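Trainee: File start15.pdb follows (PDB, C-alpha atoms):
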MODEL        1
ATOM      1  CA  MET Z1158       0.000   0.000   0.000
ATOM      2  CA  ASN Z1159       1.234   3.479  -0.837
ATOM      3  CA  PHE Z1160       1.445   5.370   2.449
ATOM      4  CA  THR Z1161       2.495   8.600   0.701
ATOM      5  CA  VAL Z1162      -0.931   8.867  -0.923
ATOM      6  CA  LEU Z1163      -2.669   8.164   2.393
ATOM      7  CA  GLU Z1164      -0.541  10.737   4.181
ATOM      8  CA  LYS Z1165      -1.262  13.323   1.480
ATOM      9  CA  TYR Z1166      -4.987  12.585   1.737
ATOM     10  CA  LYS Z1167      -4.896  12.866   5.552
ATOM     11  CA  LYS Z1168      -3.142  16.241   5.358
ATOM     12  CA  SER Z1169      -5.650  17.444   2.774
ATOM     13  CA  GLN Z1170      -8.534  16.404   5.015
ATOM     14  CA  GLU Z1171      -6.976  18.220   7.982
ATOM     15  CA  LEU Z1172      -6.482  21.335   5.855
ATOM     16  CA  LEU Z1173     -10.059  21.094   4.601
ATOM     17  CA  SER Z1174     -11.385  20.855   8.159
ATOM     18  CA  TYR Z1175      -9.247  23.786   9.211
ATOM     19  CA  VAL Z1176     -10.176  26.058   6.308
ATOM     20  CA  GLN Z1177     -13.900  25.500   6.880
ATOM     21  CA  GLU Z1178     -13.727  27.064  10.327
ATOM     22  CA  VAL Z1179     -11.310  29.979   9.923
ATOM     23  CA  ASN Z1180     -12.113  33.590   9.092
ATOM     24  CA  ILE Z1181     -12.260  34.612   5.435
ATOM     25  CA  THR Z1182      -8.808  36.250   5.477
ATOM     26  CA  GLU Z1183      -7.115  33.063   6.693
ATOM     27  CA  GLU Z1184      -9.196  31.004   4.294
ATOM     28  CA  GLN Z1185      -7.992  33.161   1.391
ATOM     29  CA  GLU Z1186      -4.368  32.849   2.504
ATOM     30  CA  VAL Z1187      -4.635  29.055   2.640
ATOM     31  CA  TYR Z1188      -6.262  28.830  -0.788
ATOM     32  CA  ASN Z1189      -3.709  31.210  -2.304
ATOM     33  CA  ALA Z1190      -0.869  29.127  -0.839
ATOM     34  CA  SER Z1191      -2.345  25.845  -2.133
ATOM     35  CA  PRO Z1192      -1.687  24.679  -5.689
ATOM     36  CA  GLU Z1193      -4.698  24.975  -8.039
ATOM     37  CA  ASP Z1194      -4.713  21.202  -8.534
ATOM     38  CA  SER Z1195      -4.659  20.409  -4.796
ATOM     39  CA  LEU Z1196      -7.392  18.357  -3.175
ATOM     40  CA  LEU Z1197      -8.466  21.456  -1.274
ATOM     41  CA  HIS Z1198      -9.415  23.231  -4.505
ATOM     42  CA  LEU Z1199     -11.005  20.079  -5.904
ATOM     43  CA  LEU Z1200     -13.081  19.250  -2.810
ATOM     44  CA  ARG Z1201     -14.335  22.678  -1.721
ATOM     45  CA  SER Z1202     -15.032  25.989  -3.383
ATOM     46  CA  PRO Z1203     -13.717  28.834  -1.228
ATOM     47  CA  PHE Z1204     -16.231  30.987   0.637
ATOM     48  CA  TYR Z1205     -14.185  34.224   0.449
ATOM     49  CA  VAL Z1206     -14.590  34.323  -3.347
ATOM     50  CA  LEU Z1207     -18.182  35.423  -2.987
ATOM     51  CA  PHE Z1208     -17.005  38.821  -1.687
ATOM     52  CA  GLU Z1209     -14.987  39.367  -4.888
ATOM     53  CA  GLN Z1210     -17.993  39.132  -7.208
ATOM     54  CA  SER Z1211     -19.766  41.878  -9.121
ATOM     55  CA  GLU Z1212     -22.544  43.942  -7.608
ATOM     56  CA  GLU Z1213     -25.010  42.359 -10.041
ATOM     57  CA  PHE Z1214     -23.977  38.829  -9.053
ATOM     58  CA  LEU Z1215     -24.203  39.643  -5.327
ATOM     59  CA  LYS Z1216     -27.649  41.206  -5.771
ATOM     60  CA  GLU Z1217     -28.890  38.028  -7.449
ATOM     61  CA  LEU Z1218     -27.137  35.841  -4.885
ATOM     62  CA  SER Z1219     -28.689  37.694  -1.940
ATOM     63  CA  ASN Z1220     -32.092  36.300  -2.961
ATOM     64  CA  VAL Z1221     -30.967  32.709  -3.540
ATOM     65  CA  PHE Z1222     -30.458  31.831   0.129
ATOM     66  CA  SER Z1223     -32.697  32.429   3.140
ATOM     67  CA  ILE Z1224     -32.120  35.136   5.726
ATOM     68  CA  ASP Z1225     -31.349  32.387   8.241
ATOM     69  CA  ASP Z1226     -28.615  31.075   5.942
ATOM     70  CA  TRP Z1227     -27.119  34.524   5.412
ATOM     71  CA  ALA Z1228     -27.151  35.285   9.133
ATOM     72  CA  ILE Z1229     -25.356  32.032   9.918
ATOM     73  CA  ALA Z1230     -22.845  32.354   7.069
ATOM     74  CA  LEU Z1231     -22.040  36.026   7.672
ATOM     75  CA  PHE Z1232     -22.097  36.000  11.482
ATOM     76  CA  ASN Z1233     -18.315  36.285  11.979
ATOM     77  CA  VAL Z1234     -17.566  38.083   8.718
ATOM     78  CA  PRO Z1235     -16.327  41.687   9.010
ATOM     79  CA  ARG Z1236     -19.088  44.260   8.692
ATOM     80  CA  GLU Z1237     -17.676  45.830   5.500
ATOM     81  CA  LYS Z1238     -17.782  42.436   3.779
ATOM     82  CA  ARG Z1239     -21.268  41.605   5.096
ATOM     83  CA  LYS Z1240     -22.482  44.895   3.700
ATOM     84  CA  LEU Z1241     -21.699  43.685   0.164
ATOM     85  CA  ILE Z1242     -24.537  41.179   0.623
ATOM     86  CA  ASP Z1243     -26.961  42.772   3.076
ATOM     87  CA  VAL Z1244     -27.210  46.013   1.086
ATOM     88  CA  HIS Z1245     -29.361  44.023  -1.366
ATOM     89  CA  PHE Z1246     -31.897  42.875   1.240
ATOM     90  CA  SER Z1247     -35.311  44.498   1.384
ATOM     91  CA  GLU Z1248     -36.040  46.527   4.536
ATOM     92  CA  LYS Z1249     -38.043  43.648   5.994
ATOM     93  CA  MET Z1250     -35.289  41.141   5.191
ATOM     94  CA  LYS Z1251     -32.634  43.435   6.647
ATOM     95  CA  PHE Z1252     -34.626  43.819   9.871
ATOM     96  CA  LEU Z1253     -34.975  40.029  10.235
ATOM     97  CA  TYR Z1254     -31.307  39.530   9.351
ATOM     98  CA  LEU Z1255     -30.113  42.023  11.985
ATOM     99  CA  GLU Z1256     -32.391  40.453  14.596
ATOM    100  CA  LYS Z1257     -30.953  37.023  13.826
ATOM    101  CA  LEU Z1258     -27.401  38.398  14.131
ATOM    102  CA  ARG Z1259     -28.278  39.904  17.530
ATOM    103  CA  LEU Z1260     -29.671  36.575  18.715
ATOM    104  CA  MET Z1261     -26.529  34.832  17.513
ATOM    105  CA  ASP Z1262     -24.417  37.205  19.594
ATOM    106  CA  LYS Z1263     -26.117  35.682  22.639
ATOM    107  CA  HIS Z1264     -26.438  32.107  21.338
ATOM    108  CA  ARG Z1265     -23.770  31.240  18.774
ATOM    109  CA  PRO Z1266     -24.855  28.782  16.121
ATOM    110  CA  PRO Z1267     -23.110  25.399  16.228
ATOM    111  CA  SER Z1268     -19.964  25.402  14.112
ATOM    112  CA  SER Z1269     -21.358  22.439  12.147
ATOM    113  CA  ASP Z1270     -24.298  24.650  11.048
ATOM    114  CA  VAL Z1271     -21.935  27.439  10.024
ATOM    115  CA  VAL Z1272     -19.738  25.032   8.034
ATOM    116  CA  PHE Z1273     -22.784  23.474   6.365
ATOM    117  CA  VAL Z1274     -24.316  26.791   5.268
ATOM    118  CA  LYS Z1275     -21.018  28.326   4.148
ATOM    119  CA  ASN Z1276     -20.258  25.203   2.115
ATOM    120  CA  ARG Z1277     -23.701  25.361   0.457
ATOM    121  CA  ILE Z1278     -23.166  28.997  -0.489
ATOM    122  CA  SER Z1279     -19.583  28.499  -1.653
ATOM    123  CA  SER Z1280     -20.606  25.454  -3.725
ATOM    124  CA  TYR Z1281     -23.338  27.461  -5.400
ATOM    125  CA  VAL Z1282     -20.962  30.353  -6.113
ATOM    126  CA  GLY Z1283     -18.282  27.961  -7.383
ATOM    127  CA  GLU Z1284     -20.735  26.275  -9.771
ATOM    128  CA  ARG Z1285     -21.989  29.618 -11.066
ATOM    129  CA  LEU Z1286     -18.425  30.796 -11.666
ATOM    130  CA  LYS Z1287     -17.595  27.578 -13.537
ATOM    131  CA  GLU Z1288     -20.722  28.007 -15.700
ATOM    132  CA  SER Z1289     -19.792  31.605 -16.358
ATOM    133  CA  LYS Z1290     -16.255  30.606 -17.360
ATOM    134  CA  VAL Z1291     -17.546  27.902 -19.723
ATOM    135  CA  ASN Z1292     -20.001  30.346 -21.317
ATOM    136  CA  HIS Z1293     -17.253  32.959 -21.631
ATOM    137  CA  ASN Z1294     -14.946  30.431 -23.318
ATOM    138  CA  LYS Z1295     -17.745  29.371 -25.700
ATOM    139  CA  THR Z1296     -18.297  33.028 -26.619
ATOM    140  CA  LEU Z1297     -14.570  33.540 -27.200
ATOM    141  CA  ASN Z1298     -14.431  30.409 -29.370
ATOM    142  CA  LEU Z1299     -17.417  31.616 -31.402
ATOM    143  CA  VAL Z1300     -15.852  35.076 -31.876
ATOM    144  CA  ASN Z1301     -12.516  33.515 -32.867
ATOM    145  CA  HIS Z1302     -14.282  31.172 -35.300
ATOM    146  CA  GLN Z1303     -16.165  34.098 -36.865
ATOM    147  CA  GLU Z1304     -12.911  36.071 -37.205
ATOM    148  CA  ASP Z1305     -11.211  33.048 -38.794
ATOM    149  CA  ASN Z1306     -14.045  32.789 -41.298
ATOM    150  CA  LYS Z1307     -13.766  36.523 -42.151
ATOM    151  CA  ASN Z1308     -10.010  36.199 -42.623
ATOM    152  CA  ALA Z1309     -10.451  33.129 -44.838
ATOM    153  CA  ALA Z1310     -12.957  34.946 -47.078
TER     154      ALA Z1310
ENDMDL
END
Let's see the structure in the file written out as structure tokens.

Mentor:
Amino acid sequence: MNFTVLEKYKKSQELLSYVQEVNITEEQEVYNASPEDSLLHLLRSPFYVLFEQSEEFLKELSNVFSIDDWAIALFNVPREKRKLIDVHFSEKMKFLYLEKLRLMDKHRPPSSDVVFVKNRISSYVGERLKESKVNHNKTLNLVNHQEDNKNAA
């Protein structure tokens, strides 16, 4: 049996567990330090990436998940980052969201709930970004093909 593979897998699992529970700055540092083809990148889309998306994307995303999910996922995120999402909530949603955050100050959600919700959101964002990249590449290929046809004519 190849113990090197097992050891590599064990380290990847430990890193995955760690990165799921750290703040978004540490998470970003770990992902940036990990090779693109690492198990970490293959097994989990990073959560911090959502804060790097366009205003339009974030506006759409703010309505995909429930207020409960956003409160849990954004509970320990710095206020300036949370604002990128909560600015898109309706007044009623924002009121409920802030109330949930206040309650969580007194009764922290279990870390397993936080990990679960953040992973759901990051998976969704990761899939949308992959779709967007594929569509962008298809558009580029179509444009290149059209230019090739013009040049051939």

Trainee: List, as number ranges by chain, every residue that the PyMOL selection byres ((chain Z and resi 1194-1200) around 10) selects in the file provided.

Mentor: Z: 1165-1166, 1168-1174, 1176, 1187-1188, 1191-1193, 1201-1203, 1280

Trainee: Please enumerate the residues selected by the PyMOL selection byres ((chain Z and resi 1282) around 12) when evaluated against the supplied file, formatted as a PyMOL selection string.

Mentor: chain Z and resi 1201-1211+1214-1215+1217-1219+1221-1222+1275-1281+1283-1289

Trainee: So which one's closest to Leu1260 (chain Z), Z:Phe1160, Z:Glu1178, Z:Glu1237, Z:Phe1232? Using only C-alpha atoms, please.

Mentor: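 Nearest candidate to Leu1260 (chain Z) out of Z:Phe1160, Z:Glu1178, Z:Glu1237, Z:Phe1232: Z:Phe1232.
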
Trainee: From the set Z:Leu1231, Z:Leu1163, Z:Val1272, Z:His1245, which residue has the shortest atom-to-atom contact distance to Leu1258 (chain Z), counting all atoms listed in the file?

Mentor: Z:Leu1231

Trainee: Go ahead and compute the interatomic distance for CA of Thr1182 (chain Z) and CA of Glu1256 (chain Z), in Å to one decimal.

Mentor: 25.6 Å

Trainee: Edge lengths and centre, in Å to one decimal, as lines of an AutoDock Vina configuration file: that's what I need for the box along x, y and z that holds all listed atoms of region 1232-1248 of chain Z plus 5 Å on each side.

Mentor:
center_x = -26.2
center_y = 41.3
center_z = 5.3
size_x = 29.7
size_y = 20.5
size_z = 23.3

Trainee: Taking the file as shown, find all residues satisfying the PyMOL selection byres ((chain Z and resi 1253) around 12) and write them as a list of chain:residue names.

Mentor: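 What the PyMOL selection byres ((chain Z and resi 1253) around 12) grabs from the file is Z:Ser1223, Z:Ile1224, Z:Asp1225, Z:Asp1226, Z:Trp1227, Z:Ala1228, Z:Asp1243, Z:Phe1246, Z:Ser1247, Z:Glu1248, Z:Lys1249, Z:Met1250, Z:Lys1251, Z:Phe1252, Z:Tyr1254, Z:Leu1255, Z:Glu1256, Z:Lys1257, Z:Leu1258, Z:Arg1259, Z:Leu1260.
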
Trainee: Mind pulling up the distance from CA of Met1261 (chain Z) to CA of Tyr1175 (chain Z)?

Mentor: 22.1 Å

Trainee: Which value, in Å to one decimal, gives the distance between CA of Ile1242 (chain Z) and CA of Glu1212 (chain Z)?

Mentor: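 Distance reported for this atom pair: 8.9 Å.
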
Trainee: For each of Z:Thr1161, Z:Pro1267, Z:Glu1213, Z:Ala1230, take the minimum atom-to-atom distance to Asn1180 (chain Z), counting only C-alpha atoms, then give the residue where this is smallest.

Mentor: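 Comparing Z:Thr1161, Z:Pro1267, Z:Glu1213, Z:Ala1230 against Asn1180 (chain Z), the winner is Z:Ala1230.
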
Trainee: Just checking: using all atoms listed in the file, which residue out of Z:Ile1229, Z:Ile1181, Z:Ala1190, Z:Val1162 ends up closest to Val1274 (chain Z)?

Mentor: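 Result for the nearest residue to Val1274 (chain Z): Z:Ile1229.
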